[in-house]
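Structure file entry.cif; described as mmCIF, C-alpha atoms.
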data_work
loop_
_atom_site.group_PDB
_atom_site.id
_atom_site.type_symbol
_atom_site.label_atom_id
_atom_site.label_comp_id
_atom_site.auth_asym_id
_atom_site.auth_seq_id
_atom_site.Cartn_x
_atom_site.Cartn_y
_atom_site.Cartn_z
ATOM 1 C CA MET V 313 19.613 5.643 -6.505
ATOM 2 C CA ARG V 314 19.069 6.504 -2.866
ATOM 3 C CA ILE V 315 16.691 5.598 -0.056
ATOM 4 C CA VAL V 316 15.704 8.720 1.867
ATOM 5 C CA ARG V 317 13.940 9.446 5.129
ATOM 6 C CA GLU V 318 11.043 11.898 5.447
ATOM 7 C CA ASP V 319 13.534 14.689 6.264
ATOM 8 C CA GLY V 320 15.474 14.019 3.029
ATOM 9 C CA SER V 321 18.516 12.448 4.683
ATOM 10 C CA ASP V 322 19.826 9.095 3.487
ATOM 11 C CA ALA V 323 18.361 6.076 5.268
ATOM 12 C CA PRO V 324 20.856 3.505 6.578
ATOM 13 C CA ALA V 325 20.751 -0.124 5.423
ATOM 14 C CA GLY V 326 17.631 -1.897 6.641
ATOM 15 C CA GLU V 327 15.584 1.261 7.216
ATOM 16 C CA VAL V 328 12.535 1.828 5.012
ATOM 17 C CA GLY V 329 12.436 5.089 3.100
ATOM 18 C CA GLU V 330 11.380 6.530 -0.235
ATOM 19 C CA ILE V 331 13.270 5.390 -3.319
ATOM 20 C CA VAL V 332 14.699 8.327 -5.283
ATOM 21 C CA GLY V 333 16.808 8.352 -8.411
ATOM 22 C CA ARG V 334 18.338 10.552 -11.059
ATOM 23 C CA GLY V 335 20.062 10.130 -14.364
ATOM 24 C CA PRO V 336 20.430 11.416 -17.908
ATOM 25 C CA SER V 337 16.994 10.184 -18.995
ATOM 26 C CA LEU V 338 15.055 11.632 -16.050
ATOM 27 C CA MET V 339 11.601 12.820 -17.046
ATOM 28 C CA GLY V 340 11.188 16.548 -17.493
ATOM 29 C CA GLY V 341 7.962 16.603 -15.508
ATOM 30 C CA TYR V 342 4.248 15.946 -15.688
ATOM 31 C CA TYR V 343 2.599 17.484 -18.752
ATOM 32 C CA GLY V 344 0.575 20.494 -17.733
ATOM 33 C CA ARG V 345 0.979 19.708 -14.014
ATOM 34 C CA PRO V 346 3.744 21.847 -12.523
ATOM 35 C CA ASP V 347 2.331 21.104 -9.047
ATOM 36 C CA LEU V 348 2.968 17.357 -9.467
ATOM 37 C CA THR V 349 6.354 18.008 -11.067
ATOM 38 C CA GLU V 350 7.392 20.121 -8.080
ATOM 39 C CA GLN V 351 6.431 17.306 -5.695
ATOM 40 C CA ALA V 352 8.165 14.588 -7.709
ATOM 41 C CA ILE V 353 11.397 16.249 -8.871
ATOM 42 C CA ARG V 354 13.500 17.958 -6.235
ATOM 43 C CA ASP V 355 17.086 19.113 -6.786
ATOM 44 C CA GLY V 356 17.350 16.821 -9.813
ATOM 45 C CA TRP V 357 16.113 13.749 -7.913
ATOM 46 C CA LEU V 358 12.922 11.888 -8.853
ATOM 47 C CA PHE V 359 10.924 10.940 -5.758
ATOM 48 C CA THR V 360 9.167 7.777 -6.958
ATOM 49 C CA GLY V 361 6.556 7.350 -4.227
ATOM 50 C CA ASP V 362 7.840 3.805 -3.730
ATOM 51 C CA LEU V 363 9.046 2.695 -0.309
ATOM 52 C CA GLY V 364 11.935 0.302 0.078
ATOM 53 C CA TYR V 365 15.185 -0.453 1.813
ATOM 54 C CA ARG V 366 18.656 -1.749 1.026
ATOM 55 C CA ASP V 367 20.206 -4.661 2.826
ATOM 56 C CA GLY V 368 23.811 -4.739 4.029
ATOM 57 C CA GLU V 369 25.000 -5.840 0.575
ATOM 58 C CA GLY V 370 23.187 -3.031 -1.211
ATOM 59 C CA TYR V 371 20.300 -5.068 -2.651
ATOM 60 C CA LEU V 372 17.085 -3.090 -2.992
ATOM 61 C CA TYR V 373 13.777 -4.399 -1.588
ATOM 62 C CA LEU V 374 10.423 -2.826 -2.433
ATOM 63 C CA VAL V 375 8.032 -2.497 0.496
ATOM 64 C CA ASP V 376 4.963 -0.627 -0.766
ATOM 65 C CA ARG V 377 3.672 2.614 -2.255
ATOM 66 C CA LYS V 378 4.031 5.633 0.024
ATOM 67 C CA LYS V 379 0.469 6.802 -0.667
ATOM 68 C CA ASP V 380 -0.918 3.369 0.301
ATOM 69 C CA MET V 381 0.751 3.271 3.735
ATOM 70 C CA ILE V 382 -1.690 3.184 6.655
ATOM 71 C CA ASP V 383 -0.972 5.201 9.814
ATOM 72 C CA SER V 384 -2.641 3.292 12.641
ATOM 73 C CA GLY V 385 -2.016 4.694 16.094
ATOM 74 C CA GLY V 386 1.295 6.162 14.936
ATOM 75 C CA VAL V 387 2.494 2.830 13.506
ATOM 76 C CA LYS V 388 3.233 2.465 9.787
ATOM 77 C CA VAL V 389 1.218 -0.415 8.367
ATOM 78 C CA TYR V 390 2.237 -1.594 4.907
ATOM 79 C CA PRO V 391 -0.757 -3.023 3.008
ATOM 80 C CA LYS V 392 1.530 -5.364 1.055
ATOM 81 C CA ASP V 393 2.374 -7.271 4.266
ATOM 82 C CA ILE V 394 -1.309 -8.005 4.912
ATOM 83 C CA GLU V 395 -2.016 -8.691 1.230
ATOM 84 C CA GLU V 396 0.705 -11.352 1.134
ATOM 85 C CA VAL V 397 -0.949 -13.164 4.062
ATOM 86 C CA ALA V 398 -4.435 -12.951 2.519
ATOM 87 C CA ALA V 399 -3.188 -14.176 -0.870
ATOM 88 C CA ARG V 400 -2.093 -17.467 0.749
ATOM 89 C CA HIS V 401 -5.718 -18.460 1.415
ATOM 90 C CA PRO V 402 -6.877 -20.919 -1.266
ATOM 91 C CA ALA V 403 -10.183 -19.065 -1.770
ATOM 92 C CA VAL V 404 -8.510 -15.725 -2.593
ATOM 93 C CA ARG V 405 -7.907 -14.763 -6.224
ATOM 94 C CA GLU V 406 -7.074 -11.108 -5.608
ATOM 95 C CA VAL V 407 -6.706 -8.851 -2.586
ATOM 96 C CA ALA V 408 -6.258 -5.134 -1.919
ATOM 97 C CA VAL V 409 -5.739 -3.621 1.524
ATOM 98 C CA PHE V 410 -6.329 0.058 2.249
ATOM 99 C CA GLY V 411 -6.693 2.302 5.276
ATOM 100 C CA VAL V 412 -9.973 3.819 6.420
ATOM 101 C CA ALA V 413 -10.630 6.479 9.035
ATOM 102 C CA HIS V 414 -10.934 5.214 12.606
ATOM 103 C CA GLU V 415 -11.794 7.445 15.571
ATOM 104 C CA LYS V 416 -9.328 5.802 17.985
ATOM 105 C CA TRP V 417 -6.430 4.777 15.713
ATOM 106 C CA GLY V 418 -6.570 7.424 12.984
ATOM 107 C CA GLU V 419 -6.653 4.737 10.315
ATOM 108 C CA THR V 420 -7.246 1.010 10.336
ATOM 109 C CA PRO V 421 -6.743 -1.677 7.650
ATOM 110 C CA VAL V 422 -9.620 -2.991 5.547
ATOM 111 C CA ALA V 423 -9.305 -5.658 2.855
ATOM 112 C CA ALA V 424 -11.236 -6.066 -0.364
ATOM 113 C CA VAL V 425 -11.092 -9.562 -1.833
ATOM 114 C CA VAL V 426 -12.105 -11.248 -5.071
ATOM 115 C CA LEU V 427 -12.633 -14.972 -4.544
ATOM 116 C CA ASN V 428 -11.635 -17.782 -6.859
ATOM 117 C CA SER V 429 -14.466 -19.212 -8.930
ATOM 118 C CA GLY V 430 -16.464 -21.684 -6.846
ATOM 119 C CA ALA V 431 -14.865 -20.643 -3.547
ATOM 120 C CA SER V 432 -17.162 -20.448 -0.544
ATOM 121 C CA ILE V 433 -16.134 -18.480 2.527
ATOM 122 C CA THR V 434 -17.732 -15.603 4.413
ATOM 123 C CA ALA V 435 -16.085 -12.228 4.859
ATOM 124 C CA ALA V 436 -15.940 -12.779 8.637
ATOM 125 C CA GLU V 437 -14.318 -16.226 8.272
ATOM 126 C CA LEU V 438 -11.698 -14.898 5.879
ATOM 127 C CA ARG V 439 -11.010 -11.806 8.023
ATOM 128 C CA ASP V 440 -10.486 -14.029 11.077
ATOM 129 C CA TRP V 441 -8.199 -16.389 9.107
ATOM 130 C CA ILE V 442 -6.038 -13.440 8.006
ATOM 131 C CA ASN V 443 -6.002 -11.836 11.472
ATOM 132 C CA GLU V 444 -4.723 -15.079 13.000
ATOM 133 C CA ARG V 445 -1.746 -15.042 10.621
ATOM 134 C CA VAL V 446 -0.568 -11.428 10.330
ATOM 135 C CA GLY V 447 2.704 -10.629 12.024
ATOM 136 C CA ALA V 448 1.496 -7.920 14.398
ATOM 137 C CA ARG V 449 -1.648 -6.849 16.199
ATOM 138 C CA TYR V 450 -1.759 -3.489 14.370
ATOM 139 C CA GLN V 451 -1.948 -5.386 11.045
ATOM 140 C CA ARG V 452 -5.256 -7.003 11.940
ATOM 141 C CA LEU V 453 -8.099 -6.160 9.596
ATOM 142 C CA HIS V 454 -10.938 -4.035 10.882
ATOM 143 C CA ALA V 455 -13.171 -5.373 8.115
ATOM 144 C CA LEU V 456 -13.122 -7.392 4.916
ATOM 145 C CA GLN V 457 -15.426 -7.088 1.960
ATOM 146 C CA ILE V 458 -15.865 -9.622 -0.822
ATOM 147 C CA MET V 459 -16.243 -8.090 -4.284
ATOM 148 C CA ASP V 460 -17.021 -9.478 -7.732
ATOM 149 C CA ASP V 461 -14.156 -7.467 -9.227
ATOM 150 C CA PHE V 462 -11.989 -4.446 -8.444
ATOM 151 C CA PRO V 463 -12.319 -1.028 -10.068
ATOM 152 C CA ARG V 464 -9.413 -0.511 -12.461
ATOM 153 C CA ASN V 465 -7.925 2.236 -14.569
ATOM 154 C CA ALA V 466 -7.362 1.971 -18.337
ATOM 155 C CA ALA V 467 -4.064 0.158 -17.748
ATOM 156 C CA GLY V 468 -5.751 -2.460 -15.533
ATOM 157 C CA LYS V 469 -4.295 -1.129 -12.275
ATOM 158 C CA THR V 470 -6.432 -1.664 -9.166
ATOM 159 C CA LEU V 471 -7.862 1.611 -7.851
ATOM 160 C CA LYS V 472 -7.566 1.300 -4.076
ATOM 161 C CA ARG V 473 -8.623 4.905 -3.547
ATOM 162 C CA GLU V 474 -11.992 4.223 -5.201
ATOM 163 C CA MET V 475 -12.507 1.133 -3.031
ATOM 164 C CA ARG V 476 -11.618 3.075 0.109
ATOM 165 C CA ASP V 477 -13.936 5.947 -0.772
ATOM 166 C CA ALA V 478 -16.829 3.565 -1.540
ATOM 167 C CA TYR V 479 -16.239 1.641 1.695
ATOM 168 C CA GLN V 480 -16.219 4.819 3.793
ATOM 169 C CA ALA V 481 -19.327 6.172 2.046
ATOM 170 C CA ALA V 482 -21.198 2.919 2.743
ATOM 171 C CA ALA V 483 -19.995 2.851 6.367
ATOM 172 C CA GLY V 484 -21.587 6.224 6.963
#

Please, can you express the file's structure as structure tokens?
Amino acid sequence: MRIVREDGSDAPAGEVGEIVGRGPSLMGGYYGRPDLTEQAIRDGWLFTGDLGYRDGEGYLYLVDRKKDMIDSGGVKVYPKDIEEVAARHPAVREVAVFGVAHEKWGETPVAAVVLNSGASITAAELRDWINERVGARYQRLHALQIMDDFPRNAAGKTLKREMRDAYQAAAG
């Protein structure tokens, strides 16, 4: 297993990059999708789409999914960092953070939240609570929407792309 930079070179300890691996049981490719296979398997290495880093002792830490990363004003914003803050609020049952188009910053973070049963908080109050606690200014939420439930695929995975598309369509 390796951690690689965008240019394909190995990332040093502590630097976030894409997790790639290879081995005797590597998948042959995506069925009927040579385009996806070409993106995922390069020179015998499987590019997972997961971002992570290794510490000085070689332990691997997952950061986020590459496709979920938000580029805000040239800064990489990892939704997981904001989601971990939001999940600490006692009213929050589930949270998903995604990037939406922004004319000044390129993209900006938005959160979708499902509240715990009986919880009572407004979207603005929760957004402000999260924004007071994130580690950096560029992690502050542009908006927060409260939902009854998240759209999911057949395996139960949250579909952030659908939430982002619906948010942007509603925003105009």

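A straight line drawn from CA of Tyr479 (chain V) to CA of Ala435 (chain V) is 14.2 Å long.
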
Checklist entry - Expanded to explicit residues, what is the PyMOL selection byres ((chain V and resi 443) around 12) for this file, as a ChimeraX atom specification? => result /V:393-395,397-398,421-423,436-442,444-456

Selection near region 407-412 of chain V, 9 Å with only C-alpha atoms, sequence-local residues under 4 positions removed, as a compact mmCIF listing (two decimals) with C-alpha atoms, in the frame of the given file:
# COMPACT_ATOMS: atom_id res chain seq x y z
CA ASP V 380 -0.92 3.37 0.30
CA MET V 381 0.75 3.27 3.74
CA ILE V 382 -1.69 3.18 6.66
CA ASP V 383 -0.97 5.20 9.81
CA SER V 384 -2.64 3.29 12.64
CA VAL V 389 1.22 -0.42 8.37
CA TYR V 390 2.24 -1.59 4.91
CA PRO V 391 -0.76 -3.02 3.01
CA LYS V 392 1.53 -5.36 1.06
CA ILE V 394 -1.31 -8.01 4.91
CA GLU V 395 -2.02 -8.69 1.23
CA GLU V 396 0.70 -11.35 1.13
CA ALA V 398 -4.43 -12.95 2.52
CA ALA V 399 -3.19 -14.18 -0.87
CA GLY V 418 -6.57 7.42 12.98
CA GLU V 419 -6.65 4.74 10.32
CA THR V 420 -7.25 1.01 10.34
CA PRO V 421 -6.74 -1.68 7.65
CA VAL V 422 -9.62 -2.99 5.55
CA ALA V 423 -9.30 -5.66 2.86
CA ALA V 424 -11.24 -6.07 -0.36
CA VAL V 425 -11.09 -9.56 -1.83
CA VAL V 426 -12.10 -11.25 -5.07
CA LEU V 427 -12.63 -14.97 -4.54
CA LEU V 453 -8.10 -6.16 9.60
CA LEU V 456 -13.12 -7.39 4.92
CA PHE V 462 -11.99 -4.45 -8.44
CA THR V 470 -6.43 -1.66 -9.17
CA LYS V 472 -7.57 1.30 -4.08
CA ARG V 473 -8.62 4.90 -3.55
CA MET V 475 -12.51 1.13 -3.03
CA ARG V 476 -11.62 3.08 0.11
CA ASP V 477 -13.94 5.95 -0.77
CA TYR V 479 -16.24 1.64 1.70
CA GLN V 480 -16.22 4.82 3.79

Checklist entry - Between CA of Glu415 (chain V) and CA of Arg377 (chain V), what is the distance, to one decimal in Å? => result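 Computing it gives 24.1 Å between the two atoms.
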
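Picked out by the PyMOL selection byres ((chain V and resi 370-373) around 12) when it runs on this file: V:Met313, V:Arg314, V:Ile315, V:Pro324, V:Ala325, V:Gly326, V:Glu327, V:Val328, V:Gly329, V:Glu330, V:Ile331, V:Val332, V:Asp362, V:Leu363, V:Gly364, V:Tyr365, V:Arg366, V:Asp367, V:Gly368, V:Glu369, V:Leu374, V:Val375, V:Asp376.
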
Write a file of the just-selected residues containing C-alpha atoms, as a compact mmCIF listing (two decimals), keeping the file's coordinate frame.
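Contents of the output file selection_37.txt:
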# COMPACT_ATOMS: atom_id res chain seq x y z
CA MET V 313 19.61 5.64 -6.50
CA ARG V 314 19.07 6.50 -2.87
CA ILE V 315 16.69 5.60 -0.06
CA PRO V 324 20.86 3.50 6.58
CA ALA V 325 20.75 -0.12 5.42
CA GLY V 326 17.63 -1.90 6.64
CA GLU V 327 15.58 1.26 7.22
CA VAL V 328 12.54 1.83 5.01
CA GLY V 329 12.44 5.09 3.10
CA GLU V 330 11.38 6.53 -0.24
CA ILE V 331 13.27 5.39 -3.32
CA VAL V 332 14.70 8.33 -5.28
CA ASP V 362 7.84 3.80 -3.73
CA LEU V 363 9.05 2.70 -0.31
CA GLY V 364 11.94 0.30 0.08
CA TYR V 365 15.18 -0.45 1.81
CA ARG V 366 18.66 -1.75 1.03
CA ASP V 367 20.21 -4.66 2.83
CA GLY V 368 23.81 -4.74 4.03
CA GLU V 369 25.00 -5.84 0.57
CA LEU V 374 10.42 -2.83 -2.43
CA VAL V 375 8.03 -2.50 0.50
CA ASP V 376 4.96 -0.63 -0.77

Checklist entry - Between CA of Arg317 (chain V) and CA of Ala413 (chain V), what is the spacing in Å? => result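 Result for CA of Ala413 (chain V) versus CA of Arg317 (chain V): 25.1 Å, one decimal.
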
Next on the checklist: Expand the PyMOL selection byres ((chain V and resi 402) around 9) into the explicit residue set it covers here, and present it as an MDAnalysis selection string.
Outcome noted: chainID V and resid 399:401 403:405 427:428 431

Around region 392-404 of chain V, with edges along x, y and z and 3 Å added on all six sides, what centre and edge lengths do you get, in Å to one decimal, as AutoDock Vina command-line options?
--center_x -3.9 --center_y -13.1 --center_z 1.2 --size_x 18.6 --size_y 21.6 --size_z 13.5

Item to check | Exercise: residues within 10 Å of coordinate (12.3, 17.9, -16.6), counting all atoms listed in the file, as number ranges by chain | outcome: V: 337-343, 349, 353, 356, 358

File of the preceding selection, C-alpha atoms, as a CSV table (one decimal), in the frame of the given file:
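Writing the result to selection-v6.csv gives the following:
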chain,number,residue,atom,x,y,z
V,337,SER,CA,17.0,10.2,-19.0
V,338,LEU,CA,15.1,11.6,-16.0
V,339,MET,CA,11.6,12.8,-17.0
V,340,GLY,CA,11.2,16.5,-17.5
V,341,GLY,CA,8.0,16.6,-15.5
V,342,TYR,CA,4.2,15.9,-15.7
V,343,TYR,CA,2.6,17.5,-18.8
V,349,THR,CA,6.4,18.0,-11.1
V,353,ILE,CA,11.4,16.2,-8.9
V,356,GLY,CA,17.4,16.8,-9.8
V,358,LEU,CA,12.9,11.9,-8.9

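Minimum atom-to-atom distance to Met459 (chain V), evaluated using only C-alpha atoms, belongs to V:Glu406 out of V:Glu318, V:Gly430, V:Gly484, V:Glu406.
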
Checklist entry - Nearest to Asp461 (chain V) among V:His414, V:Ser429, V:Thr434, V:Glu350, with distances taken over only C-alpha atoms: which residue is it? => result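 Comparing V:His414, V:Ser429, V:Thr434, V:Glu350 against Asp461 (chain V), the winner is V:Ser429.
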